[in-house]
$ cat target_38.txt   # compact mmCIF, C-alpha atoms
# COMPACT_ATOMS: atom_id res chain seq x y z
CA MET A 24 39.00 201.43 128.10
CA ALA A 25 36.07 203.53 129.18
CA VAL A 26 37.98 206.56 130.38
CA THR A 27 36.29 209.91 130.53
CA GLN A 28 38.06 213.01 129.34
CA ILE A 29 41.16 213.91 131.32
CA SER A 30 42.91 217.22 130.94
CA ILE A 31 46.33 217.62 132.47
CA ASP A 32 48.89 220.28 131.55
CA THR A 33 51.81 218.25 130.16
CA HIS A 34 54.46 220.19 132.08
CA LEU A 35 52.84 219.03 135.34
CA LEU A 36 53.06 215.33 134.46
CA PRO A 37 56.62 214.69 135.76
CA ILE A 38 55.67 216.03 139.19
CA LEU A 39 52.32 214.25 139.36
CA GLU A 40 54.14 211.06 138.42
CA GLN A 41 56.07 211.34 141.69
CA VAL A 42 52.99 211.54 143.90
CA SER A 43 51.97 208.04 144.87
CA ASP A 44 49.02 206.34 146.50
CA PRO A 45 49.96 206.10 150.19
CA GLU A 46 48.49 202.60 150.48
CA ILE A 47 49.98 201.24 147.23
CA PRO A 48 53.18 203.26 146.94
CA VAL A 49 54.19 201.71 143.62
CA LEU A 50 51.21 203.39 141.95
CA SER A 51 51.37 207.08 141.09
CA VAL A 52 48.21 209.12 141.18
CA LEU A 53 48.36 209.10 137.38
CA ASP A 54 48.51 205.28 137.26
CA LEU A 55 45.55 205.15 139.60
CA GLY A 56 43.54 207.50 137.39
CA VAL A 57 42.29 209.67 140.25
CA ILE A 58 43.55 212.93 138.74
CA ARG A 59 40.94 214.08 136.26
CA GLU A 60 42.27 217.56 135.70
CA ALA A 61 45.43 219.49 136.58
CA ILE A 62 45.74 222.98 135.18
CA GLU A 63 48.18 225.68 136.12
CA LYS A 64 47.01 229.26 136.27
CA ASP A 65 48.95 232.19 137.78
CA GLY A 66 51.25 229.98 139.84
CA THR A 67 48.46 227.83 141.25
CA VAL A 68 47.79 224.27 140.19
CA TYR A 69 44.09 223.42 140.15
CA VAL A 70 43.55 219.70 140.59
CA LYS A 71 40.34 217.72 140.25
CA LEU A 72 40.61 214.52 142.22
CA THR A 73 38.10 211.65 142.07
CA PRO A 74 38.03 209.44 145.15
CA THR A 75 38.24 205.69 144.68
CA TYR A 76 35.90 204.92 147.61
CA SER A 77 33.86 207.55 149.50
CA GLY A 78 35.69 207.11 152.76
CA CYS A 79 39.13 206.35 151.41
CA PRO A 80 41.54 208.13 153.79
CA ALA A 81 44.19 208.09 151.05
CA MET A 82 42.40 210.99 149.36
CA ASP A 83 43.23 213.45 152.14
CA VAL A 84 46.84 212.27 152.12
CA ILE A 85 47.07 212.56 148.33
CA GLY A 86 45.79 216.13 148.60
CA ASP A 87 48.53 216.96 151.11
CA ASP A 88 51.19 215.13 149.09
CA LEU A 89 50.29 217.14 145.99
CA LYS A 90 50.84 220.35 147.93
CA ILE A 91 54.22 219.12 149.18
CA ALA A 92 55.26 218.02 145.68
CA PHE A 93 54.63 221.44 144.15
CA GLU A 94 55.97 223.46 147.06
CA PRO A 95 59.66 223.49 146.03
CA LEU A 96 58.57 224.96 142.68
CA GLY A 97 56.76 227.76 144.45
CA LYS A 98 53.40 226.58 143.19
CA LYS A 99 50.25 226.44 145.25
CA VAL A 100 47.78 223.59 144.86
CA MET A 101 44.01 223.75 145.06
CA VAL A 102 42.34 220.35 145.24
CA ASP A 103 38.71 219.90 144.32
CA LEU A 104 37.08 216.52 145.01
CA VAL A 105 34.91 215.48 142.10
CA LEU A 106 32.41 212.65 142.63
CA ALA A 107 30.88 212.32 139.17
CA PRO A 108 31.59 210.41 137.08
CA ALA A 109 32.48 207.92 139.76
CA TRP A 110 35.93 206.36 139.70
CA SER A 111 36.21 202.94 138.12
CA THR A 112 38.99 200.34 138.14
CA ASP A 113 39.02 200.81 134.34
CA TRP A 114 40.77 204.09 135.02
CA ILE A 115 43.89 202.36 136.34
CA SER A 116 46.50 202.41 133.56
CA GLU A 117 47.96 199.20 132.09
CA SER A 118 51.38 200.11 133.46
CA GLY A 119 49.69 200.71 136.82
CA LEU A 120 48.15 197.24 136.73
CA GLN A 121 51.54 195.72 135.95
CA LYS A 122 53.21 197.58 138.81
CA MET A 123 50.40 196.47 141.11
CA GLU A 124 50.91 192.82 140.22
CA ALA A 125 54.66 193.08 140.66
CA TYR A 126 53.97 194.60 144.09
CA GLY A 127 51.90 191.54 145.06
CA ILE A 128 48.31 192.71 144.50
CA ALA A 129 46.17 190.79 142.01
CA ARG A 130 44.64 192.99 139.32
CA PRO A 131 40.88 193.49 139.06
CA LEU A 132 39.04 191.00 136.85
CA SER A 133 36.22 191.93 134.48
CA GLU A 134 32.92 192.80 136.12
CA SER A 135 31.31 189.41 135.45
CA ALA A 136 34.39 187.40 136.46
CA ASP A 137 34.66 189.53 139.60
CA LYS A 138 31.08 188.59 140.52
CA ASP A 139 31.75 184.90 139.87
CA VAL A 140 34.70 185.06 142.21
CA LEU A 141 33.20 187.11 145.02
CA LEU A 142 29.69 185.62 144.91
CA ALA A 143 30.08 182.09 143.64
CA GLY A 144 33.61 181.24 144.76
CA ALA A 145 34.93 180.74 141.19
CA LYS A 146 38.68 180.32 140.87
CA LYS A 147 39.71 183.07 138.50
CA VAL A 148 41.89 185.45 140.42
CA ILE A 149 45.52 185.00 139.40
CA CYS A 150 48.00 184.68 142.25
CA PRO A 151 50.49 187.52 141.87
CA GLN A 152 53.26 185.30 143.25
CA CYS A 153 53.03 182.06 141.25
CA LYS A 154 50.36 182.95 138.62
CA SER A 155 48.15 180.01 139.58
CA THR A 156 44.37 180.48 139.43
CA ASP A 157 43.89 177.91 142.20
CA THR A 158 42.96 180.73 144.56
CA HIS A 159 40.13 181.29 146.99
CA LEU A 160 38.46 184.17 148.76
CA VAL A 161 39.37 184.50 152.44
CA SER A 162 37.54 187.74 153.15
CA GLN A 163 35.34 190.01 151.04
CA PHE A 164 36.94 192.97 152.78
CA GLY A 165 40.68 193.50 152.92
CA SER A 166 43.28 195.84 154.33
CA THR A 167 41.76 198.79 152.46
CA ALA A 168 38.31 199.52 151.03
CA CYS A 169 39.45 198.66 147.49
CA LYS A 170 40.77 195.17 148.18
CA ALA A 171 39.62 191.69 149.19
CA LEU A 172 41.77 189.04 150.83
CA PHE A 173 42.66 185.86 148.92
CA LYS A 174 44.84 182.81 149.38
CA CYS A 175 46.66 180.80 146.74
CA GLU A 176 46.30 177.01 147.06
CA ALA A 177 49.31 176.37 144.84
CA CYS A 178 51.95 178.40 146.65
CA LEU A 179 49.92 178.89 149.85
CA GLU A 180 50.60 182.64 149.93
CA PRO A 181 47.85 184.99 151.07
CA PHE A 182 47.47 188.08 148.90
CA ASP A 183 45.26 191.10 148.21
CA TYR A 184 42.95 191.29 145.22
CA PHE A 185 41.99 194.71 143.89
CA LYS A 186 38.19 194.51 143.53
CA CYS A 187 36.56 195.44 140.25
CA LEU A 188 34.63 198.68 140.67
CA LYS A 189 32.38 199.92 137.87
CA MET B 14 12.59 227.84 152.67
CA LYS B 15 13.55 225.58 149.82
CA SER B 16 17.17 225.49 150.91
CA GLU B 17 16.11 224.80 154.49
CA HIS B 18 14.18 221.79 153.27
CA LEU B 19 17.14 220.69 151.19
CA TYR B 20 19.47 221.10 154.18
CA ASN B 21 17.19 219.01 156.38
CA TYR B 22 16.72 216.48 153.63
CA ILE B 23 20.46 215.96 153.22
CA LEU B 24 20.91 215.56 156.97
CA GLY B 25 18.05 213.07 157.08
CA ILE B 26 19.99 210.80 154.74
CA ALA B 27 23.47 211.50 156.06
CA ASP B 28 22.69 211.05 159.76
CA ASN B 29 21.70 207.42 159.17
CA SER B 30 25.09 206.73 157.66
CA LEU B 31 26.96 208.62 160.37
CA ILE B 32 25.26 206.88 163.27
CA LEU B 33 25.45 203.40 161.77
CA GLY B 34 29.08 204.09 160.85
CA GLN B 35 29.73 205.06 164.47
CA ARG B 36 28.04 201.90 165.76
CA LEU B 37 30.18 199.73 163.48
CA GLY B 38 33.26 201.72 164.41
CA GLU B 39 32.68 200.82 168.06
CA LEU B 40 33.37 197.21 167.09
CA CYS B 41 36.80 197.94 165.65
CA GLY B 42 39.12 195.40 167.26
CA HIS B 43 36.18 193.52 168.82
CA GLY B 44 34.88 191.53 165.84
CA PRO B 45 34.41 187.77 166.33
CA SER B 46 37.16 187.06 163.78
CA LEU B 47 39.79 189.11 161.98
CA GLU B 48 37.87 189.00 158.68
CA THR B 49 34.55 190.10 160.14
CA ASP B 50 36.30 192.79 162.15
CA ILE B 51 37.90 194.19 159.01
CA ALA B 52 34.59 193.96 157.18
CA GLY B 53 32.77 195.93 159.88
CA THR B 54 35.31 198.72 159.89
CA ASN B 55 35.41 198.81 156.08
CA ILE B 56 31.64 199.23 155.96
CA SER B 57 31.89 201.89 158.65
CA LEU B 58 34.50 203.71 156.59
CA ASP B 59 32.31 203.69 153.48
CA LEU B 60 29.36 205.03 155.47
CA ILE B 61 31.35 207.79 157.12
CA GLY B 62 32.88 208.66 153.75
CA GLN B 63 29.40 209.05 152.28
CA THR B 64 28.40 211.10 155.32
CA ARG B 65 31.29 213.48 154.71
CA SER B 66 30.17 214.09 151.12
CA TYR B 67 26.63 214.84 152.30
CA TYR B 68 27.74 217.07 155.18
CA GLN B 69 30.18 219.01 152.99
CA TYR B 70 27.31 219.71 150.64
CA ALA B 71 24.96 220.63 153.50
CA ALA B 72 27.61 222.96 154.99
CA LYS B 73 28.00 224.64 151.61
CA ILE B 74 24.30 225.38 151.19
CA SER B 75 23.67 226.21 154.85
CA GLY B 76 24.44 229.88 154.22
CA GLU B 77 26.28 229.94 157.52
CA ASN B 78 29.96 229.54 158.09
CA LYS B 79 29.62 225.85 158.90
CA THR B 80 31.93 222.93 158.25
CA GLU B 81 31.23 219.21 157.97
CA ASP B 82 32.69 218.78 161.46
CA ASP B 83 30.26 221.28 162.97
CA ILE B 84 27.39 219.27 161.57
CA ALA B 85 28.80 215.95 162.68
CA PHE B 86 29.98 216.88 166.15
CA LEU B 87 28.26 219.97 167.46
CA ARG B 88 24.56 219.28 167.22
CA LEU B 89 22.33 218.35 170.10
CA GLU B 90 20.62 214.98 170.22
CA ARG B 91 17.25 216.36 169.12
CA HIS B 92 18.83 217.75 165.96
CA TYR B 93 20.00 214.38 164.63
CA LYS B 94 17.53 212.95 162.15
CA ASN B 95 18.61 209.31 161.94
CA VAL B 96 16.11 206.49 162.27
CA LEU B 97 15.94 204.53 165.52
CA LEU B 98 17.12 201.35 163.77
CA VAL B 99 20.70 202.53 163.23
CA GLU B 100 21.26 203.78 166.77
CA GLN B 101 20.37 200.46 168.42
CA PRO B 102 23.39 199.29 170.40
CA ASN B 103 25.65 196.43 169.36
CA THR B 104 24.94 193.19 171.14
CA HIS B 105 26.02 189.95 169.46
CA PHE B 106 27.33 189.57 165.92
CA GLY B 107 24.03 188.24 164.58
CA PHE B 108 22.26 191.34 165.85
CA VAL B 109 24.87 193.58 164.23
CA MET B 110 24.44 191.79 160.90
CA GLY B 111 20.64 191.84 161.21
CA ARG B 112 20.63 195.59 161.88
CA GLN B 113 23.03 196.06 158.97
CA TYR B 114 20.96 193.98 156.58
CA LEU B 115 17.69 195.69 157.49
CA PHE B 116 19.33 199.02 156.80
CA ASP B 117 21.34 197.97 153.71
CA VAL B 118 18.25 196.81 151.81
CA PHE B 119 16.60 200.17 152.44
CA HIS B 120 19.80 202.10 151.77
CA LEU B 121 20.34 200.53 148.36
CA LEU B 122 16.73 201.10 147.29
CA LEU B 123 17.03 204.72 148.39
CA LEU B 124 20.30 205.38 146.57
CA LYS B 125 19.05 203.75 143.37
CA GLU B 126 16.28 206.35 143.32
CA LEU B 127 18.43 209.21 144.57
CA GLN B 128 20.88 208.77 141.69
CA LEU B 129 18.05 210.08 139.47
CA SER B 130 17.71 213.24 141.57
CA LYS B 131 17.55 216.60 139.82
CA ASP B 132 20.16 217.73 142.30
CA GLU B 133 23.48 216.86 140.66
CA THR B 134 25.48 216.62 143.87
CA LEU B 135 23.03 214.26 145.54
CA ALA B 136 22.85 212.18 142.36
CA ALA B 137 26.65 211.91 142.27
CA ILE B 138 26.96 210.91 145.93
CA ALA B 139 24.22 208.32 145.44
CA LYS B 140 25.80 206.86 142.32
CA LYS B 141 29.09 206.40 144.10
CA GLY B 142 27.39 204.98 147.18
CA ILE B 143 25.45 202.35 145.23
CA LYS B 144 28.62 200.42 144.42
CA GLU B 145 29.64 200.41 148.06
CA VAL B 146 26.25 199.65 149.57
CA SER B 147 25.64 196.73 147.18
CA TYR B 148 28.75 195.18 148.65
CA HIS B 149 27.57 195.85 152.22
CA LYS B 150 24.24 194.20 151.53
CA ARG B 151 25.91 191.16 150.04
CA PHE B 152 27.97 190.76 153.21
CA SER B 153 25.20 191.34 155.75
CA GLY B 154 22.65 189.30 153.77
CA ASP B 155 25.08 186.37 153.57
CA TRP B 156 25.52 186.42 157.33
CA VAL B 157 21.80 186.61 158.05
CA LYS B 158 21.35 183.54 155.83
CA ARG B 159 24.33 181.71 157.26
CA LEU B 160 23.39 182.28 160.89
CA GLY B 161 19.65 181.83 160.35
CA ASP B 162 20.20 178.54 158.52
CA GLY B 163 23.09 177.53 160.77
CA THR B 164 23.24 175.73 164.09
CA PRO B 165 20.23 175.69 166.44
CA GLU B 166 22.02 178.29 168.57
CA SER B 167 22.93 180.66 165.73
CA SER B 168 19.44 180.31 164.30
CA ALA B 169 17.78 181.12 167.62
CA LYS B 170 20.02 184.15 168.11
CA MET B 171 19.39 185.41 164.60
CA GLN B 172 15.64 184.97 165.04
CA GLU B 173 15.74 186.86 168.31
CA ALA B 174 17.74 189.68 166.69
CA ILE B 175 15.28 189.98 163.81
CA ASP B 176 12.35 189.98 166.24
CA ASP B 177 13.98 192.76 168.28
CA LEU B 178 14.87 194.86 165.24
CA TRP B 179 11.66 194.45 163.31
CA PRO B 180 9.70 197.19 165.14
CA TYR B 181 12.23 199.75 163.90
CA THR B 182 11.80 198.99 160.20
CA GLN B 183 8.65 200.92 159.40
CA GLU B 184 10.10 204.28 160.35
CA LEU B 185 12.40 204.00 157.33
CA PHE B 186 9.39 204.74 155.12
CA ASP B 187 7.96 207.71 157.00
CA MET B 188 8.04 210.99 155.14
CA THR B 189 9.09 214.17 156.96
CA ASP B 190 7.97 217.58 155.70
CA SER B 191 11.34 218.08 154.06
CA ASP B 192 11.14 214.63 152.45
CA THR B 193 7.78 215.51 150.95
CA ALA B 194 8.88 218.95 149.76
CA MET B 195 12.03 217.56 148.15
CA ALA B 196 10.23 214.60 146.56
CA LEU B 197 7.77 217.03 144.97
CA GLU B 198 10.67 218.95 143.44
CA GLY B 199 12.24 215.83 141.98
CA ILE B 200 15.22 216.24 144.28
CA GLY B 201 14.31 213.78 147.00
CA VAL B 202 12.94 210.26 147.02
CA ASP B 203 9.44 209.30 148.10
CA VAL B 204 10.57 206.57 150.48
CA SER B 205 7.00 205.50 151.25
CA LYS B 206 6.97 203.98 147.76
CA LEU B 207 9.93 201.73 148.57
CA LYS B 208 8.11 199.92 151.36
CA LYS B 209 6.59 197.08 149.36
CA THR B 210 9.82 196.22 147.54
CA TYR B 211 11.71 196.38 150.82
CA TYR B 212 9.50 193.98 152.75
CA LYS B 213 9.35 191.59 149.79
CA GLU B 214 13.12 191.44 149.53
CA VAL B 215 13.67 191.11 153.27
CA THR B 216 11.06 188.41 153.78
CA ASP B 217 12.38 186.45 150.76
CA LEU B 218 15.79 186.38 152.38
CA PHE B 219 14.31 185.36 155.72
CA GLU B 220 12.72 182.42 154.00
CA LEU B 221 16.10 181.33 152.59
CA ALA B 222 17.55 181.82 156.06
CA THR B 223 14.75 179.68 157.57
CA LEU B 224 13.80 182.61 159.77
CA GLU B 225 10.25 183.49 160.63
CA VAL B 226 8.95 186.88 159.62
CA PRO B 227 8.12 188.68 162.86
CA GLN B 228 4.41 189.18 163.36
CA SER B 229 4.70 192.26 165.56
CA THR B 230 2.21 194.98 164.76
CA TYR B 231 3.90 197.52 167.01
CA PHE B 232 6.38 199.82 165.31
CA SER B 233 8.56 202.34 167.06
CA ARG B 234 9.30 205.69 165.41
CA GLY B 235 10.65 209.11 166.29
CA GLY B 236 14.28 209.32 165.23
CA LYS B 237 13.49 211.20 162.04
CA LYS B 238 11.88 213.89 164.18
CA GLY B 239 14.78 213.97 166.60
CA VAL B 240 13.06 211.91 169.29
CA HIS B 241 15.61 209.19 169.90
CA SER B 242 15.91 206.11 172.08
CA GLU B 243 17.91 206.35 175.29
CA HIS B 244 20.92 204.79 173.54
CA MET B 245 21.47 207.86 171.39
CA GLY B 246 22.78 210.06 174.18
CA TYR B 247 25.50 207.57 175.08
CA LEU B 248 26.44 207.19 171.45
CA LEU B 249 26.76 210.94 171.00
CA ALA B 250 28.75 211.33 174.20
CA ASP B 251 31.32 209.03 172.63
CA LEU B 252 31.10 210.52 169.14
CA GLN B 253 31.33 214.14 170.25
CA TYR B 254 33.83 213.69 173.06
CA MET B 255 36.85 215.19 171.29
CA GLN B 256 35.12 218.28 169.89
CA ARG B 257 33.32 218.94 173.17
CA THR B 258 36.48 218.53 175.25
CA TYR B 259 38.85 220.35 172.89
CA PRO B 260 36.63 222.71 170.87
CA ASN B 261 37.81 223.36 167.31
CA MET B 262 40.61 220.83 167.50
CA GLN B 263 41.86 219.56 164.16
CA TRP B 264 43.67 216.40 163.25

$ encode --input "target_38.txt" --output "structure tokens"
Amino acid sequence: MAVTQISIDTHLLPILEQVSDPEIPVLSVLDLGVIREAIEKDGTVYVKLTPTYSGCPAMDVIGDDLKIAFEPLGKKVMVDLVLAPAWSTDWISESGLQKMEAYGIARPLSESADKDVLLAGAKKVICPQCKSTDTHLVSQFGSTACKALFKCEACLEPFDYFKCLK
Amino acid sequence: MKSEHLYNYILGIADNSLILGQRLGELCGHGPSLETDIAGTNISLDLIGQTRSYYQYAAKISGENKTEDDIAFLRLERHYKNVLLVEQPNTHFGFVMGRQYLFDVFHLLLLKELQLSKDETLAAIAKKGIKEVSYHKRFSGDWVKRLGDGTPESSAKMQEAIDDLWPYTQELFDMTDSDTAMALEGIGVDVSKLKKTYYKEVTDLFELATLEVPQSTYFSRGGKKGVHSEHMGYLLADLQYMQRTYPNMQW
């Protein structure tokens, strides 16, 4: 996976693991790959956070949640938004992708397959409920900036697809 | 002087996104279908997100104790630098998609150049925006095609929208003093050079959409210099209402 260098102090990992994406609560910020750096210095945790989409309101909430998570330990949190390199769906961990599917959101396809699906109506997205690929696009835009709306023809369930972003 | 040009340059780009984002936001809950409603607000969210990145950067270099909110909400009409195209009021869905498409094509061409900027922050914002704006253009372009090549009624409405919007397209390629200064430094983009590619792409799509390329030779300009159409005041009254009524309120 094309992941750029991440540097996180290992003793911070258990706490970061508990901070989740407010829109997809089964994913921790670590699963999502938005934390690029977390370093503790003199009782303050310095976090570099990369937004998924420019206007994603989850980023403000994640910043607040990080502060709340470290508060009982008497640690302050300073969040710095970092735009480059831009976040990519490749940064979501494999365990994150599995949790996402179990939660009912189809995982992002490869870049070319994603184009086939969103532009040419190819049937490649796997229904998270019944695993059929007999699925079709309902709306290019979904409940959040990162998702598109699909429907499965086999089990007739509508579901979200996490769009490939590279 | 250089930082003043940079400040103005950033606002010139960001204001387009803010005002178009506001226009799309007005349609929240009023889209013709659930899917198109969600699409409009998603695009609005991307644009306002990009605006925030630009304004945060502008606030940082302003040398004054400004915040992104001050820039967004506390300027007077004449100080907004957006083009006239993006402030045109919403009418029917075809018009909204036409306005969006005419801006998206320009926006993507601009960001593709801006990602090469010597200014690292602008390059980073642009790079991130490209992914989002490509998706916007795909959506708006599809609708222009679908409505243009649709029923006689949708086609007539789409044609009328394009005819009405066309006179606002040339302003996109005007260079302000700050644009020129920043382009010379390798920070900004010489938008006048994007004109040919823009009109080629747009007219190619019109052909697919069976729409006629408007023949108007009159082009309206002024927004970039702060001289806006009458619609702008109403838009700002809505946009600035909270900060004007409850100064310094936070949420």

$ residues_near_point --input "target_38.txt" --point "(12.7, 191.9, 157.7)" --cutoff "12 Å" --atoms "all atoms listed in the file" --output "CSV table (one decimal) with C-alpha atoms, keeping the file's coordinate frame"
chain,number,residue,atom,x,y,z
B,111,GLY,CA,20.6,191.8,161.2
B,112,ARG,CA,20.6,195.6,161.9
B,113,GLN,CA,23.0,196.1,159.0
B,114,TYR,CA,21.0,194.0,156.6
B,115,LEU,CA,17.7,195.7,157.5
B,116,PHE,CA,19.3,199.0,156.8
B,117,ASP,CA,21.3,198.0,153.7
B,118,VAL,CA,18.2,196.8,151.8
B,119,PHE,CA,16.6,200.2,152.4
B,154,GLY,CA,22.6,189.3,153.8
B,157,VAL,CA,21.8,186.6,158.0
B,171,MET,CA,19.4,185.4,164.6
B,172,GLN,CA,15.6,185.0,165.0
B,174,ALA,CA,17.7,189.7,166.7
B,175,ILE,CA,15.3,190.0,163.8
B,176,ASP,CA,12.4,190.0,166.2
B,177,ASP,CA,14.0,192.8,168.3
B,178,LEU,CA,14.9,194.9,165.2
B,179,TRP,CA,11.7,194.4,163.3
B,180,PRO,CA,9.7,197.2,165.1
B,181,TYR,CA,12.2,199.8,163.9
B,182,THR,CA,11.8,199.0,160.2
B,183,GLN,CA,8.6,200.9,159.4
B,208,LYS,CA,8.1,199.9,151.4
B,209,LYS,CA,6.6,197.1,149.4
B,210,THR,CA,9.8,196.2,147.5
B,211,TYR,CA,11.7,196.4,150.8
B,212,TYR,CA,9.5,194.0,152.8
B,213,LYS,CA,9.4,191.6,149.8
B,214,GLU,CA,13.1,191.4,149.5
B,215,VAL,CA,13.7,191.1,153.3
B,216,THR,CA,11.1,188.4,153.8
B,217,ASP,CA,12.4,186.4,150.8
B,218,LEU,CA,15.8,186.4,152.4
B,219,PHE,CA,14.3,185.4,155.7
B,220,GLU,CA,12.7,182.4,154.0
B,222,ALA,CA,17.6,181.8,156.1
B,224,LEU,CA,13.8,182.6,159.8
B,225,GLU,CA,10.2,183.5,160.6
B,226,VAL,CA,9.0,186.9,159.6
B,227,PRO,CA,8.1,188.7,162.9
B,228,GLN,CA,4.4,189.2,163.4
B,229,SER,CA,4.7,192.3,165.6

$ interface_residues --input "target_38.txt" --of "chain A" --to "chain B" --cutoff "8 Å" --atoms "only C-alpha atoms" --output "number ranges by chain"
A: 76-79, 106-109, 161-168, 188-189

$ closest_residue --input "target_38.txt" --among "A:Ala61, A:Ser135, A:Arg130, A:Leu104" --to "Asp83 in chain A" --atoms "all atoms listed in the file"
A:Leu104

$ residues_around --input "target_38.txt" --residues "Thr112 in chain A" --least-positions-apart "4" --cutoff "9 Å" --atoms "all atoms listed in the file" --output "number ranges by chain"
A: 55-56, 75, 131, 185-189

$ atom_distance --input "target_38.txt" --atom1 "CA of Asp203 in chain B" --atom2 "CA of Phe232 in chain B"
19.9 Å

$ build_atoms --input "target_38.txt" --residues "range 190-207 of chain B" --atoms "N, CA and C atoms" --output "compact mmCIF listing (two decimals), in the frame of the given file"
# COMPACT_ATOMS: atom_id res chain seq x y z
N ASP B 190 8.39 216.46 156.55
CA ASP B 190 7.97 217.58 155.70
C ASP B 190 9.01 217.87 154.63
N SER B 191 10.28 217.81 155.03
CA SER B 191 11.34 218.08 154.06
C SER B 191 11.42 216.98 153.00
N ASP B 192 11.18 215.73 153.42
CA ASP B 192 11.14 214.63 152.45
C ASP B 192 10.08 214.90 151.39
N THR B 193 8.89 215.27 151.86
CA THR B 193 7.78 215.51 150.95
C THR B 193 8.08 216.67 150.02
N ALA B 194 8.59 217.77 150.58
CA ALA B 194 8.88 218.95 149.76
C ALA B 194 9.93 218.61 148.70
N MET B 195 10.96 217.87 149.10
CA MET B 195 12.03 217.56 148.15
C MET B 195 11.60 216.53 147.11
N ALA B 196 10.74 215.59 147.52
CA ALA B 196 10.23 214.60 146.56
C ALA B 196 9.40 215.30 145.49
N LEU B 197 8.60 216.29 145.92
CA LEU B 197 7.77 217.03 144.97
C LEU B 197 8.62 217.78 143.94
N GLU B 198 9.79 218.20 144.35
CA GLU B 198 10.67 218.95 143.44
C GLU B 198 11.53 218.05 142.57
N GLY B 199 11.41 216.75 142.76
CA GLY B 199 12.24 215.83 141.98
C GLY B 199 13.66 215.74 142.49
N ILE B 200 13.88 216.29 143.69
CA ILE B 200 15.22 216.24 144.28
C ILE B 200 15.34 215.05 145.22
N GLY B 201 14.29 214.87 146.01
CA GLY B 201 14.31 213.78 147.00
C GLY B 201 13.54 212.56 146.52
N VAL B 202 13.59 211.53 147.35
CA VAL B 202 12.94 210.26 147.02
C VAL B 202 11.71 210.09 147.90
N ASP B 203 10.62 209.62 147.30
CA ASP B 203 9.44 209.30 148.10
C ASP B 203 9.66 207.90 148.68
N VAL B 204 10.20 207.87 149.90
CA VAL B 204 10.57 206.57 150.48
C VAL B 204 9.36 205.69 150.79
N SER B 205 8.19 206.32 150.94
CA SER B 205 7.00 205.50 151.25
C SER B 205 6.72 204.51 150.11
N LYS B 206 7.20 204.86 148.91
CA LYS B 206 6.97 203.98 147.76
C LYS B 206 7.94 202.79 147.73
N LEU B 207 8.93 202.81 148.59
CA LEU B 207 9.93 201.73 148.57
C LEU B 207 9.53 200.58 149.49
